[in-house]
$ cat work.pdb   # PDB, C-alpha atoms and all ligand atoms
ATOM      1  CA  MET A 172       5.908 -34.860 131.812
ATOM      2  CA  GLU A 173       8.698 -35.446 129.295
ATOM      3  CA  THR A 174       8.067 -38.987 128.029
ATOM      4  CA  LYS A 175       4.728 -40.380 126.976
ATOM      5  CA  PRO A 176       3.284 -42.451 129.836
ATOM      6  CA  LYS A 177       2.214 -46.088 129.189
ATOM      7  CA  TYR A 178      -1.301 -45.199 130.281
ATOM      8  CA  LEU A 179      -3.351 -42.252 131.506
ATOM      9  CA  TYR A 180      -6.048 -44.480 132.996
ATOM     10  CA  LYS A 181      -5.597 -47.736 134.898
ATOM     11  CA  ASN A 182      -7.666 -49.733 137.432
ATOM     12  CA  SER A 183     -10.536 -47.237 137.036
ATOM     13  CA  LYS A 184      -8.334 -44.278 138.075
ATOM     14  CA  ARG A 185      -6.637 -41.444 136.225
ATOM     15  CA  LEU A 186      -2.975 -40.625 136.959
ATOM     16  CA  ASP A 187      -3.970 -38.125 139.663
ATOM     17  CA  GLY A 188      -6.453 -40.574 141.223
ATOM     18  CA  ARG A 189      -9.624 -39.083 139.751
ATOM     19  CA  ASN A 190     -12.567 -40.995 138.290
ATOM     20  CA  LEU A 191     -13.462 -40.238 134.675
ATOM     21  CA  ASP A 192     -16.289 -37.881 135.698
ATOM     22  CA  ASP A 193     -14.426 -36.054 138.483
ATOM     23  CA  TYR A 194     -13.353 -32.469 138.000
ATOM     24  CA  ARG A 195     -10.396 -31.157 139.973
ATOM     25  CA  LYS A 196     -10.828 -29.278 143.236
ATOM     26  CA  MET A 197     -12.472 -26.001 142.277
ATOM     27  CA  LYS A 198     -12.191 -22.667 144.082
ATOM     28  CA  ILE A 199     -13.613 -19.245 143.331
ATOM     29  CA  LYS A 200     -12.286 -15.988 144.766
ATOM     30  CA  MET A 201     -14.083 -12.733 144.012
ATOM     31  CA  ASP A 202     -12.664  -9.175 143.824
ATOM     32  CA  VAL A 203      -9.026 -10.173 143.452
ATOM     33  CA  VAL A 204      -8.152  -7.027 141.429
ATOM     34  CA  PRO A 205      -9.406  -4.000 143.398
ATOM     35  CA  ASN A 206      -8.777  -1.527 140.549
ATOM     36  CA  ALA A 207     -11.027  -3.401 138.114
ATOM     37  CA  GLN A 208     -14.793  -2.898 137.858
ATOM     38  CA  GLY A 209     -15.153  -6.613 138.454
ATOM     39  CA  SER A 210     -12.715  -9.461 138.973
ATOM     40  CA  ALA A 211     -12.456 -13.093 140.010
ATOM     41  CA  GLU A 212      -9.963 -15.918 140.270
ATOM     42  CA  VAL A 213     -11.007 -19.452 139.375
ATOM     43  CA  ILE A 214      -8.880 -22.456 140.293
ATOM     44  CA  PHE A 215      -9.236 -25.998 138.945
ATOM     45  CA  GLY A 216      -6.543 -28.101 140.639
ATOM     46  CA  LYS A 217      -3.231 -26.495 139.665
ATOM     47  CA  THR A 218      -4.754 -24.289 136.949
ATOM     48  CA  LYS A 219      -5.255 -20.758 138.258
ATOM     49  CA  VAL A 220      -6.709 -17.932 136.194
ATOM     50  CA  THR A 221      -7.654 -14.368 137.087
ATOM     51  CA  ALA A 222     -10.096 -12.289 135.044
ATOM     52  CA  ALA A 223     -10.572  -8.545 135.391
ATOM     53  CA  VAL A 224     -13.097  -6.290 133.643
ATOM     54  CA  HIS A 225     -12.542  -2.622 132.821
ATOM     55  CA  GLY A 226     -15.476  -0.704 131.432
ATOM     56  CA  PRO A 227     -17.818   0.026 129.902
ATOM     57  CA  ARG A 228     -15.947   3.260 129.204
ATOM     58  CA  VAL A 229     -15.799   5.671 126.268
ATOM     59  CA  MET A 230     -13.882   4.151 123.378
ATOM     60  CA  HIS A 231     -10.635   5.828 122.357
ATOM     61  CA  PRO A 232      -9.794   6.272 119.545
ATOM     62  CA  ARG A 233     -13.395   7.208 118.787
ATOM     63  CA  ARG A 234     -13.262   5.846 115.220
ATOM     64  CA  LEU A 235     -13.106   2.317 116.670
ATOM     65  CA  ALA A 236     -16.348   2.822 118.617
ATOM     66  CA  LEU A 237     -19.470   1.007 117.428
ATOM     67  CA  PRO A 238     -22.440   3.379 117.047
ATOM     68  CA  ASP A 239     -25.092   0.938 118.306
ATOM     69  CA  LYS A 240     -23.324  -1.197 120.929
ATOM     70  CA  ALA A 241     -20.264  -1.693 123.096
ATOM     71  CA  LEU A 242     -17.144  -3.326 121.730
ATOM     72  CA  LEU A 243     -16.181  -6.290 123.900
ATOM     73  CA  ARG A 244     -12.464  -7.111 123.736
ATOM     74  CA  ALA A 245     -10.569  -9.891 125.499
ATOM     75  CA  LYS A 246      -6.855 -10.303 126.163
ATOM     76  CA  TYR A 247      -5.718 -13.740 127.311
ATOM     77  CA  ASP A 248      -2.189 -13.990 128.610
ATOM     78  CA  MET A 249      -0.033 -16.526 130.426
ATOM     79  CA  PHE A 250       2.577 -15.482 132.947
ATOM     80  CA  SER A 251       6.036 -16.651 131.837
ATOM     81  CA  PHE A 252       6.347 -18.725 135.007
ATOM     82  CA  SER A 253       2.850 -20.223 134.696
ATOM     83  CA  VAL A 254       4.163 -23.269 132.784
ATOM     84  CA  GLU A 255       7.037 -25.708 133.391
ATOM     85  CA  ASP A 256       9.344 -24.372 130.648
ATOM     86  CA  ARG A 257       9.315 -20.622 131.044
ATOM     87  CA  LYS A 258       6.938 -19.322 128.357
ATOM     88  CA  ARG A 259       8.183 -16.683 125.935
ATOM     89  CA  PRO A 260       6.548 -13.477 127.135
ATOM     90  CA  GLY A 261       3.993 -11.708 124.985
ATOM     91  CA  PRO A 262       1.146 -12.973 122.844
ATOM     92  CA  GLY A 263       1.838 -15.662 120.249
ATOM     93  CA  ARG A 264      -0.605 -17.350 117.860
ATOM     94  CA  ARG A 265      -2.127 -19.357 120.700
ATOM     95  CA  GLU A 266      -2.819 -16.327 122.904
ATOM     96  CA  ILE A 267      -4.328 -14.404 119.975
ATOM     97  CA  GLU A 268      -6.647 -17.331 119.188
ATOM     98  CA  ILE A 269      -7.740 -17.785 122.813
ATOM     99  CA  SER A 270      -8.353 -14.032 123.200
ATOM    100  CA  LYS A 271     -10.580 -14.156 120.118
ATOM    101  CA  VAL A 272     -12.663 -17.156 121.193
ATOM    102  CA  THR A 273     -12.989 -15.743 124.716
ATOM    103  CA  ALA A 274     -14.421 -12.448 123.444
ATOM    104  CA  GLU A 275     -16.734 -14.346 121.079
ATOM    105  CA  ALA A 276     -18.025 -16.510 123.918
ATOM    106  CA  PHE A 277     -19.384 -13.410 125.666
ATOM    107  CA  ARG A 278     -20.591 -11.310 122.729
ATOM    108  CA  SER A 279     -23.931 -13.109 122.445
ATOM    109  CA  VAL A 280     -24.447 -13.053 126.201
ATOM    110  CA  VAL A 281     -23.665  -9.480 127.283
ATOM    111  CA  PHE A 282     -26.317  -6.814 126.543
ATOM    112  CA  LEU A 283     -23.800  -4.843 124.429
ATOM    113  CA  GLU A 284     -26.590  -2.731 122.918
ATOM    114  CA  LYS A 285     -27.085  -1.011 126.292
ATOM    115  CA  PHE A 286     -23.678   0.679 126.039
ATOM    116  CA  PRO A 287     -23.212   2.173 122.538
ATOM    117  CA  ARG A 288     -19.836   3.773 121.677
ATOM    118  CA  THR A 289     -18.098   2.217 124.684
ATOM    119  CA  VAL A 290     -15.526  -0.510 125.169
ATOM    120  CA  ILE A 291     -15.554  -3.355 127.681
ATOM    121  CA  ASP A 292     -12.103  -4.853 128.212
ATOM    122  CA  LEU A 293     -11.691  -8.316 129.614
ATOM    123  CA  PHE A 294      -8.203  -9.282 130.841
ATOM    124  CA  VAL A 295      -7.618 -12.980 131.429
ATOM    125  CA  SER A 296      -4.308 -13.878 133.103
ATOM    126  CA  VAL A 297      -3.112 -17.418 133.662
ATOM    127  CA  THR A 298      -0.925 -17.421 136.743
ATOM    128  CA  GLN A 299      -0.512 -21.201 136.848
ATOM    129  CA  ALA A 300      -1.248 -23.586 133.971
ATOM    130  CA  ASP A 301      -2.145 -27.273 134.206
ATOM    131  CA  ALA A 302      -4.311 -27.382 131.052
ATOM    132  CA  SER A 303      -7.931 -26.244 130.499
ATOM    133  CA  THR A 304      -6.832 -22.615 130.990
ATOM    134  CA  ARG A 305      -9.147 -21.104 128.355
ATOM    135  CA  ILE A 306     -12.180 -22.687 130.013
ATOM    136  CA  THR A 307     -11.021 -21.723 133.508
ATOM    137  CA  GLY A 308     -10.559 -18.203 132.113
ATOM    138  CA  ILE A 309     -14.112 -18.227 130.726
ATOM    139  CA  ASN A 310     -15.497 -19.181 134.149
ATOM    140  CA  ALA A 311     -13.455 -16.380 135.757
ATOM    141  CA  ALA A 312     -14.527 -13.886 133.074
ATOM    142  CA  SER A 313     -18.198 -14.738 133.578
ATOM    143  CA  LEU A 314     -17.869 -13.893 137.280
ATOM    144  CA  ALA A 315     -15.823 -10.744 136.621
ATOM    145  CA  LEU A 316     -18.430  -9.400 134.169
ATOM    146  CA  ALA A 317     -21.296 -10.132 136.569
ATOM    147  CA  ALA A 318     -19.331  -8.588 139.468
ATOM    148  CA  ALA A 319     -18.814  -5.466 137.340
ATOM    149  CA  GLY A 320     -22.609  -5.168 137.159
ATOM    150  CA  ILE A 321     -22.663  -5.618 133.387
ATOM    151  CA  PRO A 322     -26.084  -6.955 132.363
ATOM    152  CA  MET A 323     -25.937 -10.422 130.818
ATOM    153  CA  ARG A 324     -28.533 -12.822 129.420
ATOM    154  CA  SER A 325     -26.731 -15.632 131.222
ATOM    155  CA  LEU A 326     -23.561 -16.507 133.047
ATOM    156  CA  VAL A 327     -21.098 -18.563 131.006
ATOM    157  CA  VAL A 328     -19.880 -21.859 132.384
ATOM    158  CA  GLY A 329     -17.381 -24.304 130.928
ATOM    159  CA  VAL A 330     -15.779 -27.671 131.610
ATOM    160  CA  THR A 331     -13.348 -29.493 129.292
ATOM    161  CA  PHE A 332     -13.539 -33.140 128.337
ATOM    162  CA  GLY A 333     -11.166 -35.478 126.547
ATOM    163  CA  LYS A 334     -10.197 -39.027 125.677
ATOM    164  CA  ILE A 335      -7.437 -40.796 127.605
ATOM    165  CA  TYR A 336      -5.943 -44.259 126.982
ATOM    166  CA  ASP A 337      -5.498 -47.240 129.278
ATOM    167  CA  GLU A 338      -2.598 -49.731 129.249
ATOM    168  CA  LYS A 339      -4.203 -51.563 126.297
ATOM    169  CA  GLY A 340      -4.490 -48.338 124.326
ATOM    170  CA  VAL A 341      -8.286 -48.234 124.685
ATOM    171  CA  GLY A 342      -9.771 -44.709 124.896
ATOM    172  CA  HIS A 343     -11.926 -43.515 127.815
ATOM    173  CA  VAL A 344     -13.837 -40.262 127.973
ATOM    174  CA  ALA A 345     -12.949 -38.022 130.943
ATOM    175  CA  ILE A 346     -13.767 -34.471 132.054
ATOM    176  CA  ASP A 347     -11.570 -31.532 133.126
ATOM    177  CA  VAL A 348      -8.332 -32.626 131.451
ATOM    178  CA  ASP A 349      -5.030 -31.803 133.138
ATOM    179  CA  LYS A 350      -1.659 -31.245 131.460
ATOM    180  CA  PRO A 351      -0.542 -34.891 130.920
ATOM    181  CA  GLU A 352      -4.042 -35.722 129.623
ATOM    182  CA  ASP A 353      -4.012 -32.709 127.294
ATOM    183  CA  GLN A 354      -0.466 -33.379 126.094
ATOM    184  CA  TRP A 355      -0.662 -37.154 125.638
ATOM    185  CA  GLY A 356      -4.382 -37.878 125.461
ATOM    186  CA  MET A 357      -6.194 -38.875 122.262
ATOM    187  CA  ALA A 358      -8.508 -35.838 122.158
ATOM    188  CA  ASP A 359      -9.590 -32.834 124.185
ATOM    189  CA  VAL A 360     -12.567 -30.525 123.898
ATOM    190  CA  ALA A 361     -13.013 -26.998 125.293
ATOM    191  CA  TYR A 362     -16.731 -26.539 125.916
ATOM    192  CA  ALA A 363     -18.689 -23.645 127.451
ATOM    193  CA  ARG A 364     -22.409 -22.940 127.684
ATOM    194  CA  ALA A 365     -24.694 -20.100 128.690
ATOM    195  CA  PRO A 366     -27.086 -22.032 130.954
ATOM    196  CA  ALA A 367     -29.882 -19.425 131.003
ATOM    197  CA  THR A 368     -30.168 -19.231 127.190
ATOM    198  CA  GLY A 369     -29.123 -22.800 126.427
ATOM    199  CA  ASP A 370     -26.548 -21.643 123.867
ATOM    200  CA  VAL A 371     -23.162 -23.279 123.392
ATOM    201  CA  VAL A 372     -20.755 -20.322 123.285
ATOM    202  CA  LEU A 373     -17.415 -22.092 122.867
ATOM    203  CA  LEU A 374     -16.584 -25.478 121.354
ATOM    204  CA  GLN A 375     -13.114 -26.442 120.147
ATOM    205  CA  MET A 376     -11.657 -29.910 119.687
ATOM    206  CA  ASP A 377      -8.122 -31.262 119.279
ATOM    207  CA  GLY A 378      -7.695 -34.896 118.194
ATOM    208  CA  ASP A 379     -10.338 -37.443 117.251
ATOM    209  CA  MET A 380     -13.467 -38.742 118.939
ATOM    210  CA  THR A 381     -16.395 -40.755 117.647
ATOM    211  CA  LYS A 382     -19.817 -39.147 117.840
ATOM    212  CA  GLU A 383     -20.721 -41.530 120.691
ATOM    213  CA  GLU A 384     -17.601 -40.533 122.632
ATOM    214  CA  PHE A 385     -18.297 -36.866 122.020
ATOM    215  CA  ASP A 386     -21.900 -37.192 123.195
ATOM    216  CA  LYS A 387     -20.801 -39.098 126.280
ATOM    217  CA  GLY A 388     -18.138 -36.499 127.143
ATOM    218  CA  LYS A 389     -20.579 -33.645 126.612
ATOM    219  CA  LYS A 390     -23.126 -35.299 128.883
ATOM    220  CA  MET A 391     -20.506 -35.764 131.604
ATOM    221  CA  ALA A 392     -19.304 -32.172 131.172
ATOM    222  CA  ASP A 393     -22.911 -30.899 131.316
ATOM    223  CA  LYS A 394     -23.351 -32.511 134.733
ATOM    224  CA  ALA A 395     -20.201 -30.794 135.997
ATOM    225  CA  ILE A 396     -21.309 -27.515 134.383
ATOM    226  CA  ASP A 397     -24.489 -27.630 136.496
ATOM    227  CA  VAL A 398     -22.334 -27.777 139.633
ATOM    228  CA  VAL A 399     -19.931 -25.030 138.487
ATOM    229  CA  TYR A 400     -22.937 -22.880 137.533
ATOM    230  CA  LYS A 401     -24.337 -23.191 141.060
ATOM    231  CA  ALA A 402     -20.899 -22.335 142.476
ATOM    232  CA  GLN A 403     -20.757 -19.204 140.279
ATOM    233  CA  ILE A 404     -24.199 -18.105 141.484
ATOM    234  CA  LYS A 405     -23.236 -18.721 145.117
ATOM    235  CA  ALA A 406     -19.980 -16.734 144.772
ATOM    236  CA  LEU A 407     -21.927 -13.786 143.329
ATOM    237  CA  LYS A 408     -24.665 -13.963 145.977
ATOM    238  CA  ASP A 409     -22.044 -14.042 148.742
ATOM    239  CA  LYS A 410     -20.237 -11.088 147.192
ATOM    240  CA  PHE A 411     -23.317  -8.908 146.825
ATOM    241  CA  GLU A 412     -24.729  -9.853 150.223
ATOM    242  CA  VAL A 413     -21.431  -8.955 151.905
ATOM    243  CA  SER A 414     -21.053  -5.681 150.011
ATOM    244  CA  LYS A 415     -24.684  -4.565 150.605
TER     245      LYS A 415
HETATM  246  O1  LIG B 501      -4.933 -24.261 128.349
HETATM  247  P1  LIG B 501      -5.853 -24.803 127.303
HETATM  248  O2  LIG B 501      -6.147 -26.266 127.530
HETATM  249  O3  LIG B 501      -7.088 -23.999 127.135
HETATM  250  O4  LIG B 501      -5.110 -24.654 125.909
HETATM  251  P2  LIG B 501      -3.990 -25.545 125.170
HETATM  252  O5  LIG B 501      -3.415 -24.689 124.103
HETATM  253  O6  LIG B 501      -4.582 -26.863 124.788
HETATM  254  O7  LIG B 501      -2.859 -25.757 126.259
HETATM  255  C1  LIG B 501      -2.876 -26.846 127.109
HETATM  256  C2  LIG B 501      -1.856 -26.676 128.201
HETATM  257  O8  LIG B 501      -0.536 -26.758 127.690
HETATM  258  C3  LIG B 501      -1.862 -25.321 128.928
HETATM  259  O9  LIG B 501      -2.928 -25.190 129.835
HETATM  260  C4  LIG B 501      -0.525 -25.393 129.632
HETATM  261  O10 LIG B 501      -0.608 -26.232 130.782
HETATM  262  C5  LIG B 501       0.339 -26.076 128.570
HETATM  263  N1  LIG B 501       1.156 -25.093 127.822
HETATM  264  C6  LIG B 501       2.500 -24.977 128.134
HETATM  265  O11 LIG B 501       2.995 -25.719 128.978
HETATM  266  N2  LIG B 501       3.277 -24.044 127.481
HETATM  267  C7  LIG B 501       2.732 -23.225 126.554
HETATM  268  N3  LIG B 501       3.499 -22.325 125.927
HETATM  269  C8  LIG B 501       1.364 -23.326 126.230
HETATM  270  C9  LIG B 501       0.590 -24.287 126.877
END
$ encode --input "work.pdb" --output "structure tokens"
Amino acid sequence: METKPKYLYKNSKRLDGRNLDDYRKMKIKMDVVPNAQGSAEVIFGKTKVTAAVHGPRVMHPRRLALPDKALLRAKYDMFSFSVEDRKRPGPGRREIEISKVTAEAFRSVVFLEKFPRTVIDLFVSVTQADASTRITGINAASLALAAAGIPMRSLVVGVTFGKIYDEKGVGHVAIDVDKPEDQWGMADVAYARAPATGDVVLLQMDGDMTKEEFDKGKKMADKAIDVVYKAQIKALKDKFEVSK
């Protein structure tokens, strides 16, 4: 969307017809990259992200290996045609930052100490972007790691939330922000949790929110996270039951 819209929320509906606490249509597909140890695609509306896990395997060069645990690396990338204006290929500052926070989100969750001197590589590829790609990537990566049989203390589940304005300029808290809401909205938060340990593993905010707005958004996102968590568990159960 080129020009700033007059509102992102009107008559109790967002521009795409959603309520404030609706997330977009979600889909999970397992085993989308046959060569990987584990892989999954997660779709939220028009945002589509594939994650693939390679490893644990022996680290080369050996000097980079950690003596007491595995090194978990992540590489987040966006296909050039995943956005409206063709994205310059290759990693920029944004991709480097998202790769870093993605790896960090999983380091406290994966039992890295079980695989000393190895490397676990996580590849996150955005094939279509309509905002919230880092969180969609985290959901896909959680499934890919579990599908690879890598022991984890918890799955990792995320949902974004933000603040969008109505025709009077008043802010409203909404979950799972799309591109116009991310681009023009007053704030957006990337938020991911490890439900089994209770830890927050990723939290980043752009823009401004009051503490009350933040708490409200987090509560709404937590409700959606419960649903996405159940969907992750179901996708894994279906996969392992079928492949038994
Ligand atoms: O994707 P996410 O919300 O995690 O991160 P962001 O940096 O806040 O990017 C928000 C959205 O902007 C992306 O999901 C894309 O839809 C869009 N974008 C784009 O159109 N061109 C880029 N070079 C980077 C992002």
$ residues_near_ligand --input "work.pdb" --ligand "ligand LIG 501 (chain B)" --cutoff "8 Å" --atoms "all atoms listed in the file" --output "MDAnalysis selection string"
chainID A and resid 218 253:259 265 269 299:307 348:350 353:354 359 361 377
$ residues_near_point --input "work.pdb" --point "(-21.6, -10.5, 123.8)" --cutoff "12 Å" --atoms "all atoms listed in the file" --output "PyMOL selection string"
chain A and resi 240-245+272-286+290-293+313+316+321-327+365+372
$ closest_residue --input "work.pdb" --among "A:Leu179, A:Ala223, A:Ile396, A:Met197" --to "A:Ala311" --atoms "all atoms listed in the file"
A:Ala223
$ atom_distance --input "work.pdb" --atom1 "atom CA of A:Ala358" --atom2 "atom CA of A:Lys184"
18.0 Å
$ closest_residue --input "work.pdb" --among "A:Gly333, A:Pro260, A:Gly369, A:Gly209" --to "A:Lys387" --atoms "only C-alpha atoms"
A:Gly333
